[in-house]
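Source file: query32.txt; contents: compact mmCIF, C-alpha atoms and all ligand atoms.
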# COMPACT_ATOMS: atom_id res chain seq x y z
CA MET A 955 197.49 -30.89 36.79
CA THR A 956 198.43 -34.50 36.19
CA LEU A 957 197.60 -35.87 32.74
CA HIS A 958 194.65 -38.27 32.92
CA VAL A 959 195.64 -41.41 30.98
CA GLN A 960 192.91 -44.03 30.41
CA ALA A 961 193.57 -47.61 29.33
CA GLY A 962 191.64 -49.44 26.59
CA VAL A 963 189.55 -46.60 25.16
CA SER A 964 187.32 -47.01 22.10
CA LEU A 965 188.33 -44.60 19.33
CA LYS A 966 184.96 -44.83 17.58
CA PRO A 967 183.88 -41.35 18.75
CA PHE A 968 187.30 -39.93 17.90
CA ASN A 969 187.47 -40.73 14.16
CA THR A 970 184.90 -39.44 11.69
CA PHE A 971 184.86 -42.76 9.79
CA GLY A 972 183.35 -44.15 13.01
CA VAL A 973 185.65 -47.16 12.86
CA ALA A 974 185.51 -49.13 16.12
CA VAL A 975 189.07 -49.78 17.30
CA GLN A 976 190.67 -49.50 20.74
CA ALA A 977 193.58 -47.36 21.87
CA LYS A 978 195.90 -49.04 24.35
CA ALA A 979 196.06 -45.71 26.19
CA PHE A 980 194.25 -42.40 25.64
CA ALA A 981 194.58 -38.87 27.03
CA GLN A 982 193.57 -35.32 26.13
CA ALA A 983 196.05 -32.43 26.12
CA HIS A 984 194.66 -29.11 27.30
CA ASP A 985 197.98 -27.26 27.35
CA ASP A 986 201.71 -27.58 26.66
CA ASP A 987 202.29 -29.13 30.07
CA ASP A 988 199.87 -31.99 29.23
CA VAL A 989 201.74 -32.55 25.97
CA ARG A 990 205.06 -32.81 27.81
CA GLN A 991 203.54 -35.23 30.34
CA ALA A 992 202.23 -37.35 27.48
CA LEU A 993 205.70 -37.50 25.92
CA ALA A 994 207.16 -38.55 29.28
CA TYR A 995 204.43 -41.21 29.72
CA SER A 996 205.08 -42.57 26.24
CA ALA A 997 208.84 -42.82 26.93
CA GLU A 998 208.36 -44.37 30.40
CA HIS A 999 205.90 -47.01 29.15
CA GLY A 1000 207.65 -47.70 25.85
CA LEU A 1001 204.46 -46.77 24.01
CA PRO A 1002 204.50 -44.79 20.76
CA LEU A 1003 202.57 -41.50 20.83
CA LEU A 1004 199.84 -40.85 18.24
CA VAL A 1005 198.58 -37.26 18.23
CA ILE A 1006 195.10 -36.63 16.88
CA GLY A 1007 192.77 -33.67 16.54
CA GLY A 1008 189.22 -34.20 15.31
CA GLY A 1009 190.03 -37.56 13.70
CA SER A 1010 188.62 -36.39 10.35
CA ASN A 1011 191.58 -37.43 8.26
CA LEU A 1012 192.36 -40.83 9.75
CA LEU A 1013 191.84 -44.41 8.63
CA LEU A 1014 192.35 -46.69 11.63
CA THR A 1015 193.02 -50.21 10.37
CA GLY A 1016 193.30 -52.00 13.73
CA ASP A 1017 193.68 -51.47 17.46
CA ILE A 1018 196.21 -48.74 18.19
CA GLN A 1019 199.11 -49.94 20.33
CA ALA A 1020 200.01 -46.41 21.38
CA LEU A 1021 199.14 -43.55 23.70
CA VAL A 1022 196.61 -41.63 21.61
CA LEU A 1023 196.80 -37.97 22.58
CA ARG A 1024 193.85 -35.86 21.49
CA MET A 1025 194.66 -32.16 21.27
CA ALA A 1026 192.08 -30.23 23.29
CA SER A 1027 193.96 -26.96 23.93
CA ARG A 1028 191.88 -23.83 23.48
CA GLY A 1029 192.57 -20.13 22.91
CA VAL A 1030 192.46 -17.56 20.13
CA ARG A 1031 194.32 -14.26 20.43
CA THR A 1032 195.22 -11.23 18.30
CA LEU A 1033 198.99 -10.75 18.21
CA SER A 1034 199.16 -7.63 16.04
CA ASP A 1035 196.81 -5.29 14.24
CA ASP A 1036 197.93 -2.41 12.00
CA GLY A 1037 194.37 -1.41 11.11
CA GLU A 1038 194.45 -3.50 7.92
CA GLY A 1039 196.50 -6.65 8.53
CA VAL A 1040 195.91 -8.73 11.64
CA ILE A 1041 197.90 -11.66 12.97
CA ILE A 1042 195.76 -14.14 14.89
CA GLU A 1043 197.04 -17.10 16.87
CA ALA A 1044 194.99 -20.19 17.74
CA GLU A 1045 195.79 -23.19 19.91
CA ALA A 1046 196.04 -26.58 18.19
CA GLY A 1047 192.89 -28.02 19.81
CA GLU A 1048 190.58 -25.23 18.59
CA GLU A 1049 187.87 -26.58 16.33
CA TRP A 1050 188.71 -25.34 12.81
CA HIS A 1051 185.31 -24.12 11.61
CA GLY A 1052 184.58 -22.38 14.93
CA PHE A 1053 187.92 -20.60 14.58
CA VAL A 1054 187.13 -19.58 10.97
CA LEU A 1055 183.78 -18.14 12.10
CA SER A 1056 185.43 -16.22 14.95
CA THR A 1057 187.79 -14.50 12.46
CA LEU A 1058 184.88 -13.64 10.16
CA GLU A 1059 182.94 -12.21 13.08
CA LEU A 1060 185.94 -9.93 13.75
CA GLY A 1061 185.53 -8.61 10.18
CA LEU A 1062 188.65 -10.42 8.96
CA SER A 1063 189.06 -12.04 5.56
CA GLY A 1064 191.27 -14.91 4.45
CA LEU A 1065 189.72 -18.10 5.81
CA GLU A 1066 186.21 -17.86 4.33
CA ASN A 1067 186.83 -20.41 1.56
CA LEU A 1068 188.02 -22.90 4.17
CA SER A 1069 184.70 -22.87 6.02
CA LEU A 1070 183.13 -26.07 7.33
CA ILE A 1071 186.26 -28.23 7.03
CA PRO A 1072 186.13 -30.59 10.01
CA GLY A 1073 189.03 -30.98 12.42
CA THR A 1074 191.32 -28.80 14.45
CA VAL A 1075 193.63 -25.83 13.95
CA GLY A 1076 196.68 -27.94 14.84
CA ALA A 1077 196.05 -30.48 12.09
CA ALA A 1078 195.35 -27.87 9.39
CA PRO A 1079 199.03 -27.37 8.46
CA MET A 1080 199.60 -31.13 8.26
CA GLN A 1081 198.13 -31.41 4.78
CA ASN A 1082 197.94 -27.68 4.05
CA ILE A 1083 194.14 -27.93 4.00
CA GLY A 1084 192.52 -26.49 0.93
CA ALA A 1085 189.14 -25.86 -0.62
CA TYR A 1086 187.61 -23.66 -3.31
CA GLY A 1087 190.94 -22.33 -4.55
CA VAL A 1088 192.48 -21.40 -1.17
CA GLU A 1089 194.99 -23.33 0.93
CA ILE A 1090 196.15 -22.40 4.40
CA LYS A 1091 199.57 -21.57 2.96
CA ASP A 1092 197.89 -18.50 1.39
CA VAL A 1093 197.09 -17.00 4.81
CA PHE A 1094 199.65 -18.75 6.99
CA HIS A 1095 201.98 -16.64 9.14
CA SER A 1096 203.90 -19.12 11.33
CA LEU A 1097 203.46 -21.90 13.87
CA THR A 1098 205.02 -23.28 17.01
CA ALA A 1099 205.74 -27.01 17.23
CA LEU A 1100 207.35 -29.24 19.77
CA ASP A 1101 210.23 -31.32 18.47
CA ARG A 1102 209.38 -34.76 19.86
CA GLN A 1103 212.98 -35.86 19.42
CA THR A 1104 214.59 -33.08 21.49
CA GLY A 1105 211.66 -31.70 23.52
CA GLU A 1106 212.45 -28.19 22.23
CA LEU A 1107 209.95 -25.68 20.89
CA ARG A 1108 210.51 -24.40 17.37
CA ASP A 1109 208.83 -21.67 15.36
CA PHE A 1110 208.30 -22.29 11.63
CA THR A 1111 207.86 -19.54 9.05
CA LEU A 1112 205.86 -20.08 5.85
CA ASN A 1113 208.91 -21.07 3.79
CA GLU A 1114 210.08 -23.55 6.39
CA CYS A 1115 206.82 -25.57 6.28
CA ALA A 1116 207.32 -26.92 2.72
CA PHE A 1117 203.62 -26.58 2.01
CA ALA A 1118 202.43 -28.22 -1.21
CA TYR A 1119 199.17 -29.71 -2.51
CA ARG A 1120 197.80 -31.61 0.57
CA ASP A 1121 201.33 -31.85 1.91
CA SER A 1122 203.83 -30.25 4.28
CA LEU A 1123 207.05 -30.88 6.17
CA PHE A 1124 204.92 -32.07 9.12
CA LYS A 1125 203.20 -34.69 7.00
CA GLN A 1126 206.58 -35.82 5.67
CA GLN A 1127 208.03 -36.14 9.20
CA PRO A 1128 204.94 -37.41 11.05
CA ALA A 1129 206.41 -38.66 14.31
CA ARG A 1130 208.62 -35.62 14.82
CA TRP A 1131 206.61 -32.41 15.08
CA LEU A 1132 203.72 -31.82 17.44
CA ILE A 1133 201.99 -28.61 16.41
CA LEU A 1134 200.99 -26.54 19.45
CA ARG A 1135 199.66 -23.30 17.96
CA VAL A 1136 199.28 -21.68 14.54
CA ARG A 1137 199.31 -18.02 13.44
CA PHE A 1138 197.45 -16.64 10.43
CA ALA A 1139 197.89 -13.32 8.57
CA LEU A 1140 194.38 -12.05 7.86
CA THR A 1141 193.13 -8.75 6.50
CA ARG A 1142 190.28 -6.27 6.82
CA VAL A 1143 190.61 -5.51 3.10
CA ALA A 1144 188.97 -8.56 1.58
CA GLN A 1145 190.37 -10.11 -1.59
CA LEU A 1146 187.70 -12.68 -2.29
CA HIS A 1147 188.24 -15.85 -4.35
CA LEU A 1148 184.93 -16.62 -6.03
CA GLU A 1149 185.99 -18.22 -9.31
CA TYR A 1150 186.00 -21.79 -8.10
CA GLY A 1151 183.24 -24.29 -8.57
CA PRO A 1152 179.74 -22.93 -7.98
CA VAL A 1153 180.65 -20.20 -5.43
CA ARG A 1154 179.87 -17.13 -7.55
CA GLN A 1155 176.81 -18.77 -9.06
CA ARG A 1156 175.46 -19.49 -5.57
CA LEU A 1157 175.97 -15.85 -4.54
CA ASP A 1158 174.34 -14.62 -7.77
CA GLU A 1159 171.31 -16.85 -7.12
CA GLN A 1160 170.97 -15.16 -3.74
CA GLY A 1161 171.16 -11.72 -5.36
CA ILE A 1162 174.45 -10.91 -3.61
CA SER A 1163 176.56 -8.88 -6.03
CA GLN A 1164 179.01 -7.40 -3.49
CA PRO A 1165 179.63 -10.28 -1.08
CA THR A 1166 181.32 -9.94 2.28
CA PRO A 1167 183.68 -12.68 3.51
CA MET A 1168 180.80 -13.88 5.73
CA ASP A 1169 178.54 -14.15 2.63
CA VAL A 1170 181.19 -16.30 0.93
CA SER A 1171 181.50 -18.49 4.00
CA ARG A 1172 177.72 -19.00 4.14
CA ALA A 1173 177.57 -19.87 0.43
CA ILE A 1174 180.39 -22.39 0.79
CA CYS A 1175 178.76 -23.93 3.87
CA ALA A 1176 175.53 -24.36 1.92
CA ILE A 1177 177.29 -25.93 -1.09
CA ARG A 1178 179.26 -28.30 1.13
CA ALA A 1179 176.23 -29.32 3.18
CA GLU A 1180 174.38 -30.30 -0.02
CA LYS A 1181 177.22 -32.31 -1.48
CA LEU A 1182 179.22 -33.86 1.33
CA PRO A 1183 178.04 -36.43 3.85
CA ASP A 1184 177.94 -35.18 7.43
CA PRO A 1185 180.24 -37.48 9.44
CA ALA A 1186 177.78 -37.29 12.35
CA VAL A 1187 175.27 -39.06 10.09
CA LEU A 1188 177.45 -41.15 7.75
CA GLY A 1189 181.06 -42.01 8.61
CA ASN A 1190 183.66 -40.60 6.21
CA ALA A 1191 186.99 -38.78 6.08
CA GLY A 1192 186.23 -36.37 3.23
CA SER A 1193 188.08 -36.95 -0.03
CA PHE A 1194 189.74 -40.32 0.15
CA PHE A 1195 192.08 -39.73 -2.81
CA LYS A 1196 194.16 -36.76 -3.86
CA ASN A 1197 193.66 -35.33 -7.30
CA PRO A 1198 196.49 -36.84 -9.37
CA LEU A 1199 198.99 -34.62 -11.18
CA VAL A 1200 199.88 -36.04 -14.59
CA THR A 1201 201.99 -34.92 -17.55
CA ALA A 1202 200.30 -32.75 -20.16
CA SER A 1203 200.88 -35.49 -22.75
CA LEU A 1204 199.09 -38.17 -20.66
CA ALA A 1205 196.24 -35.73 -20.02
CA ALA A 1206 195.95 -35.05 -23.78
CA GLU A 1207 196.02 -38.77 -24.55
CA LEU A 1208 193.31 -39.47 -21.95
CA ARG A 1209 191.19 -36.62 -23.28
CA ARG A 1210 191.27 -38.12 -26.78
CA GLU A 1211 189.86 -41.35 -25.35
CA HIS A 1212 187.56 -39.66 -22.81
CA PRO A 1213 186.46 -36.27 -24.17
CA GLY A 1214 184.70 -35.36 -20.89
CA LEU A 1215 187.90 -35.72 -18.82
CA VAL A 1216 188.08 -33.03 -16.10
CA GLY A 1217 191.57 -31.61 -15.75
CA TYR A 1218 193.13 -28.33 -14.66
CA PRO A 1219 196.50 -27.19 -16.12
CA GLN A 1220 199.02 -26.26 -13.41
CA ALA A 1221 201.65 -23.52 -13.49
CA ASP A 1222 204.43 -26.15 -13.77
CA GLY A 1223 202.96 -27.66 -16.95
CA GLN A 1224 201.37 -30.68 -15.28
CA VAL A 1225 197.63 -31.25 -15.31
CA LYS A 1226 195.59 -31.92 -12.15
CA LEU A 1227 192.90 -34.48 -12.94
CA ALA A 1228 189.67 -34.58 -10.93
CA ALA A 1229 190.00 -37.98 -9.21
CA GLY A 1230 186.27 -37.95 -8.50
CA TRP A 1231 185.53 -37.84 -12.24
CA LEU A 1232 187.81 -40.81 -12.97
CA ILE A 1233 186.21 -42.87 -10.17
CA GLU A 1234 182.70 -41.95 -11.25
CA GLN A 1235 183.39 -42.80 -14.92
CA ALA A 1236 184.78 -46.15 -13.81
CA GLY A 1237 181.38 -46.91 -12.28
CA TRP A 1238 182.21 -46.77 -8.59
CA LYS A 1239 179.83 -43.99 -7.55
CA GLY A 1240 177.33 -45.40 -5.04
CA PHE A 1241 179.12 -48.79 -4.95
CA ARG A 1242 178.68 -50.68 -1.69
CA ASP A 1243 180.33 -53.81 -0.32
CA GLY A 1244 178.91 -54.62 3.12
CA ASP A 1245 179.14 -51.39 5.12
CA ALA A 1246 182.03 -49.93 3.11
CA GLY A 1247 180.98 -47.81 0.17
CA VAL A 1248 181.54 -44.95 -2.25
CA HIS A 1249 179.24 -42.00 -1.56
CA ARG A 1250 176.27 -41.78 -3.91
CA LEU A 1251 176.75 -38.04 -4.61
CA GLN A 1252 180.54 -37.65 -4.38
CA SER A 1253 182.67 -40.52 -5.62
CA LEU A 1254 185.83 -39.17 -4.01
CA VAL A 1255 184.37 -39.88 -0.57
CA LEU A 1256 184.43 -43.39 0.91
CA VAL A 1257 181.77 -43.99 3.54
CA ASN A 1258 181.11 -46.31 6.45
CA TYR A 1259 177.44 -47.29 6.57
CA GLY A 1260 177.86 -48.55 10.13
CA THR A 1261 180.12 -51.43 10.94
CA ALA A 1262 182.82 -51.31 8.26
CA THR A 1263 186.29 -51.95 9.60
CA GLY A 1264 189.30 -49.89 8.63
CA LEU A 1265 190.63 -52.87 6.68
CA GLN A 1266 187.39 -53.20 4.71
CA LEU A 1267 187.56 -49.52 3.80
CA LEU A 1268 191.23 -49.90 2.88
CA ASN A 1269 190.42 -52.92 0.75
CA LEU A 1270 187.77 -50.95 -1.13
CA ALA A 1271 190.22 -48.08 -1.64
CA GLN A 1272 192.82 -50.48 -3.03
CA ARG A 1273 190.31 -52.00 -5.46
CA ILE A 1274 189.49 -48.50 -6.73
CA GLN A 1275 193.18 -47.64 -7.05
CA ALA A 1276 193.88 -50.81 -9.05
CA ASP A 1277 190.91 -50.22 -11.35
CA ILE A 1278 191.86 -46.58 -12.04
CA ALA A 1279 195.48 -47.56 -12.72
CA GLN A 1280 194.36 -50.25 -15.15
CA ARG A 1281 191.78 -48.10 -16.98
CA TYR A 1282 193.62 -44.78 -17.15
CA ASN A 1283 197.26 -45.50 -16.27
CA VAL A 1284 196.86 -43.02 -13.40
CA THR A 1285 197.99 -43.58 -9.79
CA LEU A 1286 195.60 -42.40 -7.09
CA ASP A 1287 197.25 -41.58 -3.75
CA MET A 1288 195.22 -41.86 -0.57
CA GLU A 1289 194.70 -38.69 1.42
CA PRO A 1290 193.80 -39.86 4.96
CA ASN A 1291 196.55 -40.90 7.35
CA LEU A 1292 196.62 -44.68 7.86
CA TYR A 1293 197.33 -46.21 11.25
P1 LIG B 1 193.20 -35.76 12.49
O1 LIG B 1 192.41 -36.55 11.51
O2 LIG B 1 192.95 -35.96 13.92
O3 LIG B 1 194.76 -35.97 12.19
C1 LIG B 1 195.23 -35.88 10.88
C2 LIG B 1 196.76 -36.06 10.91
O4 LIG B 1 197.37 -34.96 11.56
C3 LIG B 1 197.21 -37.30 11.68
O5 LIG B 1 198.35 -37.80 11.04
C4 LIG B 1 197.57 -36.76 13.04
O6 LIG B 1 198.55 -37.55 13.68
C5 LIG B 1 198.11 -35.38 12.70
N1 LIG B 1 197.89 -34.36 13.74
C6 LIG B 1 196.70 -33.94 14.22
N2 LIG B 1 196.89 -32.92 15.08
C7 LIG B 1 198.22 -32.70 15.13
C8 LIG B 1 199.05 -31.77 15.85
N3 LIG B 1 198.53 -30.85 16.67
N4 LIG B 1 200.39 -31.84 15.66
C9 LIG B 1 200.93 -32.75 14.83
N5 LIG B 1 200.20 -33.65 14.14
C10 LIG B 1 198.87 -33.61 14.28
N6 LIG B 1 190.55 -31.49 4.06
C11 LIG B 1 190.89 -30.48 3.22
O7 LIG B 1 192.09 -30.21 3.03
N7 LIG B 1 189.94 -29.75 2.56
C12 LIG B 1 188.63 -29.99 2.69
O8 LIG B 1 187.81 -29.30 2.09
C13 LIG B 1 188.23 -31.07 3.55
N8 LIG B 1 186.92 -31.37 3.70
C14 LIG B 1 186.56 -32.44 4.50
C15 LIG B 1 185.19 -32.75 4.60
C16 LIG B 1 184.80 -33.81 5.41
C17 LIG B 1 183.33 -34.14 5.51
C18 LIG B 1 185.76 -34.54 6.13
C19 LIG B 1 185.33 -35.66 7.05
C20 LIG B 1 187.12 -34.24 6.03
C21 LIG B 1 187.52 -33.19 5.18
N9 LIG B 1 188.88 -32.84 5.04
C22 LIG B 1 189.25 -31.80 4.23
C23 LIG B 1 189.92 -33.61 5.75
C24 LIG B 1 190.16 -33.12 7.21
O9 LIG B 1 189.03 -32.48 7.72
C25 LIG B 1 191.36 -32.19 7.33
O10 LIG B 1 192.52 -32.81 6.84
C26 LIG B 1 191.60 -31.72 8.77
O11 LIG B 1 192.61 -30.75 8.80
C27 LIG B 1 191.97 -32.85 9.71
O12 LIG B 1 191.96 -32.33 11.04
P2 LIG B 1 191.81 -33.26 12.30
O13 LIG B 1 191.99 -32.41 13.50
O14 LIG B 1 190.55 -34.03 12.23
O15 LIG B 1 193.08 -34.21 12.12
P1 LIG B 2 184.32 -29.81 -7.18
O1 LIG B 2 183.98 -28.38 -6.99
O2 LIG B 2 183.29 -30.78 -7.66
O3 LIG B 2 185.59 -29.94 -8.13
C1 LIG B 2 186.10 -31.22 -8.49
C2 LIG B 2 187.60 -31.15 -8.48
O4 LIG B 2 188.04 -30.25 -9.47
C3 LIG B 2 188.07 -30.66 -7.15
O5 LIG B 2 188.75 -31.72 -6.57
C4 LIG B 2 188.95 -29.47 -7.45
O6 LIG B 2 190.29 -29.65 -7.07
C5 LIG B 2 188.95 -29.32 -8.95
N1 LIG B 2 188.56 -27.96 -9.34
C6 LIG B 2 187.30 -27.45 -9.39
N2 LIG B 2 187.33 -26.18 -9.86
C7 LIG B 2 188.62 -25.90 -10.09
C8 LIG B 2 189.30 -24.75 -10.56
N3 LIG B 2 188.64 -23.64 -10.94
N4 LIG B 2 190.66 -24.79 -10.65
C9 LIG B 2 191.33 -25.89 -10.29
N5 LIG B 2 190.75 -27.00 -9.82
C10 LIG B 2 189.41 -27.01 -9.74
O7 LIG B 2 184.93 -30.39 -5.80
P2 LIG B 2 184.21 -30.82 -4.47
O8 LIG B 2 184.49 -32.23 -4.24
O9 LIG B 2 182.80 -30.32 -4.43
O10 LIG B 2 185.04 -30.00 -3.39
C11 LIG B 2 185.03 -28.60 -3.37
C12 LIG B 2 186.31 -28.10 -2.73
O11 LIG B 2 186.40 -28.58 -1.37
C13 LIG B 2 187.55 -28.61 -3.44
O12 LIG B 2 188.53 -27.61 -3.39
C14 LIG B 2 187.96 -29.81 -2.63
O13 LIG B 2 189.37 -30.03 -2.65
C15 LIG B 2 187.52 -29.40 -1.22
N6 LIG B 2 187.18 -30.61 -0.44
C16 LIG B 2 188.20 -31.35 0.06
C17 LIG B 2 187.94 -32.49 0.82
C18 LIG B 2 189.06 -33.26 1.43
O14 LIG B 2 188.81 -34.12 2.26
N7 LIG B 2 190.29 -32.99 1.08
C19 LIG B 2 186.63 -32.88 1.03
C20 LIG B 2 185.62 -32.13 0.47
C21 LIG B 2 185.89 -30.99 -0.27
P3 LIG B 2 190.93 -29.37 -5.62
O15 LIG B 2 190.47 -30.48 -4.78
O16 LIG B 2 192.38 -29.42 -5.90
O17 LIG B 2 190.44 -28.05 -5.12
Written form, structure tokens:
Amino acid sequence: MTLHVQAGVSLKPFNTFGVAVQAKAFAQAHDDDDVRQALAYSAEHGLPLLVIGGGSNLLLTGDIQALVLRMASRGVRTLSDDGEGVIIEAEAGEEWHGFVLSTLELGLSGLENLSLIPGTVGAAPMQNIGAYGVEIKDVFHSLTALDRQTGELRDFTLNECAFAYRDSLFKQQPARWLILRVRFALTRVAQLHLEYGPVRQRLDEQGISQPTPMDVSRAICAIRAEKLPDPAVLGNAGSFFKNPLVTASLAAELRREHPGLVGYPQADGQVKLAAGWLIEQAGWKGFRDGDAGVHRLQSLVLVNYGTATGLQLLNLAQRIQADIAQRYNVTLDMEPNLY
């Protein structure tokens, strides 16, 4: 089939901030052949290629002078099963939460803490998505990516992906690797992670003392639904800032000045500070300037009340960064990908 390329397409429905910008050209890739045709189109027309999934980790700051290729490939398959460990492969365009649910329905454990994260399977390795004490690196087997420079396919093992906190090789080399499919090593023998945030408390309240992975997923979905704005209702891209890692001495100094400081010591001696706490203490929670704002329940989440532009959201983010740097001597890095 020939790739269907449209000119001048609004990206408003394709980014969860709901920012209204136009793509010079737009197409959807349903399989590897579509991806190759998109690369050829981009070369022929001298247009850069921007690959997107669900658009839930993007901040679009103006019209996109590129061919925007939305990954829409589908397919989930079991590659091996030894009775206990199972390797499952999913195509890049699979919707992440639907994929998580399909593994839970097969009785497999590993992805339950990553329930209800928006987006696609193909984007998940980009920032090594994480929630409630689990990151995809913990259950990752391997992936296949297309090298946009050479057109060759390459398989990556866990060690080759350079996964780190909200980071990976693919995020570091953004215009090079186009992730086509990802494989996960899951298990029928559940090793649940319940010690993070209110997960165990939520299960206890429901009288569930021996939870299944599906119980954990349901509890996490309920917690998230209470706390996080639904992008279908209020535009947002989840956490706008990463939690900063600071030296133990800076953390101790800050704690003397701010006894309530929320920080988590890391294995390497650094301390991860809760960026949301810093922003809230600085008085930004619920702040609104026009249609760009800070969510009223979760200060790590910037929101678009309707007609905010990407630049207005960026401007708000920069004001918060400058304020936090001045108050606490801490640098906040943005998490969404800016275009
Ligand atoms: P997009 O936003 O479309 O793209 C993100 C980046 O990946 C872009 O740079 C894009 O070019 C690139 N990309 C996309 N697909 C591919 C591909 N196939 N190959 C190569 N590059 C690609 N994140 C977390 O880590 N944990 C959370 O708990 C979490 N919760 C969230 C809650 C909400 C309400 C929202 C809105 C977002 C949340 N996020 C969270 C952020 C986001 O959902 C994830 O980062 C998600 O993986 C992004 O997927 P996507 O398909 O929407 O990617
Ligand atoms: P939370 O539970 O209120 O916790 C606040 C912060 O403290 C989180 O950022 C978390 O860091 C950290 N934290 C909490 N318990 C911890 C522990 N036991 N050990 C180490 N760190 C701990 O956070 P929340 O905002 O409601 O989010 C819940 C989870 O979903 C978090 O893991 C968060 O990262 C994830 N989430 C991510 C996004 C996104 O867009 N990236 C959006 C929504 C939720 P970590 O963030 O490092 O886990």
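Interatomic distance, CA of Arg1102 (chain A) to CA of Ala1078 (chain A): 18.8 Å.
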Which residues sit within 9 Å of ligand LIG 2 (chain B), counting all atoms listed in the file, listed as a short mmCIF file (atom, residue, chain, number, x, y, z; two decimals) with C-alpha atoms, in the coordinates of the input?
data_model
loop_
_atom_site.label_atom_id
_atom_site.label_comp_id
_atom_site.auth_asym_id
_atom_site.auth_seq_id
_atom_site.Cartn_x
_atom_site.Cartn_y
_atom_site.Cartn_z
CA SER A 1010 188.62 -36.39 10.35
CA ASN A 1011 191.58 -37.43 8.26
CA ASN A 1067 186.83 -20.41 1.56
CA LEU A 1068 188.02 -22.90 4.17
CA ILE A 1071 186.26 -28.23 7.03
CA PRO A 1072 186.13 -30.59 10.01
CA GLN A 1081 198.13 -31.41 4.78
CA ILE A 1083 194.14 -27.93 4.00
CA GLY A 1084 192.52 -26.49 0.93
CA ALA A 1085 189.14 -25.86 -0.62
CA TYR A 1086 187.61 -23.66 -3.31
CA GLY A 1087 190.94 -22.33 -4.55
CA VAL A 1088 192.48 -21.40 -1.17
CA GLU A 1089 194.99 -23.33 0.93
CA TYR A 1119 199.17 -29.71 -2.51
CA ARG A 1120 197.80 -31.61 0.57
CA GLU A 1149 185.99 -18.22 -9.31
CA TYR A 1150 186.00 -21.79 -8.10
CA GLY A 1151 183.24 -24.29 -8.57
CA PRO A 1152 179.74 -22.93 -7.98
CA VAL A 1153 180.65 -20.20 -5.43
CA ILE A 1174 180.39 -22.39 0.79
CA ILE A 1177 177.29 -25.93 -1.09
CA ARG A 1178 179.26 -28.30 1.13
CA LYS A 1181 177.22 -32.31 -1.48
CA LEU A 1182 179.22 -33.86 1.33
CA ALA A 1191 186.99 -38.78 6.08
CA GLY A 1192 186.23 -36.37 3.23
CA SER A 1193 188.08 -36.95 -0.03
CA PHE A 1194 189.74 -40.32 0.15
CA PHE A 1195 192.08 -39.73 -2.81
CA LYS A 1196 194.16 -36.76 -3.86
CA ASN A 1197 193.66 -35.33 -7.30
CA VAL A 1216 188.08 -33.03 -16.10
CA GLY A 1217 191.57 -31.61 -15.75
CA TYR A 1218 193.13 -28.33 -14.66
CA PRO A 1219 196.50 -27.19 -16.12
CA GLN A 1220 199.02 -26.26 -13.41
CA LYS A 1226 195.59 -31.92 -12.15
CA LEU A 1227 192.90 -34.48 -12.94
CA ALA A 1228 189.67 -34.58 -10.93
CA ALA A 1229 190.00 -37.98 -9.21
CA GLY A 1230 186.27 -37.95 -8.50
CA TRP A 1231 185.53 -37.84 -12.24
CA GLN A 1252 180.54 -37.65 -4.38
CA SER A 1253 182.67 -40.52 -5.62
CA LEU A 1254 185.83 -39.17 -4.01
CA VAL A 1255 184.37 -39.88 -0.57
CA GLU A 1289 194.70 -38.69 1.42
CA PRO A 1290 193.80 -39.86 4.96
#
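Computed from the coordinates, the CA of Ala1179 (chain A) to CA of Glu1049 (chain A) distance equals 17.8 Å.
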query: Quick one: of A:Asn1269, A:Ser1069, A:Thr1141, A:Gln1160, who's nearest to ligand LIG 1 (chain B), counting all atoms listed in the file?
result: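 Ranking A:Asn1269, A:Ser1069, A:Thr1141, A:Gln1160 by distance to ligand LIG 1 (chain B), first place goes to A:Ser1069.
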- prompt: Arg1281 (chain A): which residues within 12 Å, counting all atoms listed in the file, same-chain residues fewer than 2 positions away excluded, as a VMD selection string?
  reply: chain A and resid 1208 1211 to 1212 1232 to 1233 1235 to 1237 1274 to 1279 1283 to 1285
Only C-alpha atoms, please: the residues just picked out, written as a short mmCIF file (atom, residue, chain, number, x, y, z; two decimals), keeping the file's coordinate frame.
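Wrote it out as selection.cif, contents follow:
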data_model
loop_
_atom_site.label_atom_id
_atom_site.label_comp_id
_atom_site.auth_asym_id
_atom_site.auth_seq_id
_atom_site.Cartn_x
_atom_site.Cartn_y
_atom_site.Cartn_z
CA LEU A 1208 193.31 -39.47 -21.95
CA GLU A 1211 189.86 -41.35 -25.35
CA HIS A 1212 187.56 -39.66 -22.81
CA LEU A 1232 187.81 -40.81 -12.97
CA ILE A 1233 186.21 -42.87 -10.17
CA GLN A 1235 183.39 -42.80 -14.92
CA ALA A 1236 184.78 -46.15 -13.81
CA GLY A 1237 181.38 -46.91 -12.28
CA ILE A 1274 189.49 -48.50 -6.73
CA GLN A 1275 193.18 -47.64 -7.05
CA ALA A 1276 193.88 -50.81 -9.05
CA ASP A 1277 190.91 -50.22 -11.35
CA ILE A 1278 191.86 -46.58 -12.04
CA ALA A 1279 195.48 -47.56 -12.72
CA ASN A 1283 197.26 -45.50 -16.27
CA VAL A 1284 196.86 -43.02 -13.40
CA THR A 1285 197.99 -43.58 -9.79
#
field: Between atom N6 of ligand LIG 1 (chain B) and CA of Asn969 (chain A), distance in Å (one decimal)
entry: 14.0 Å
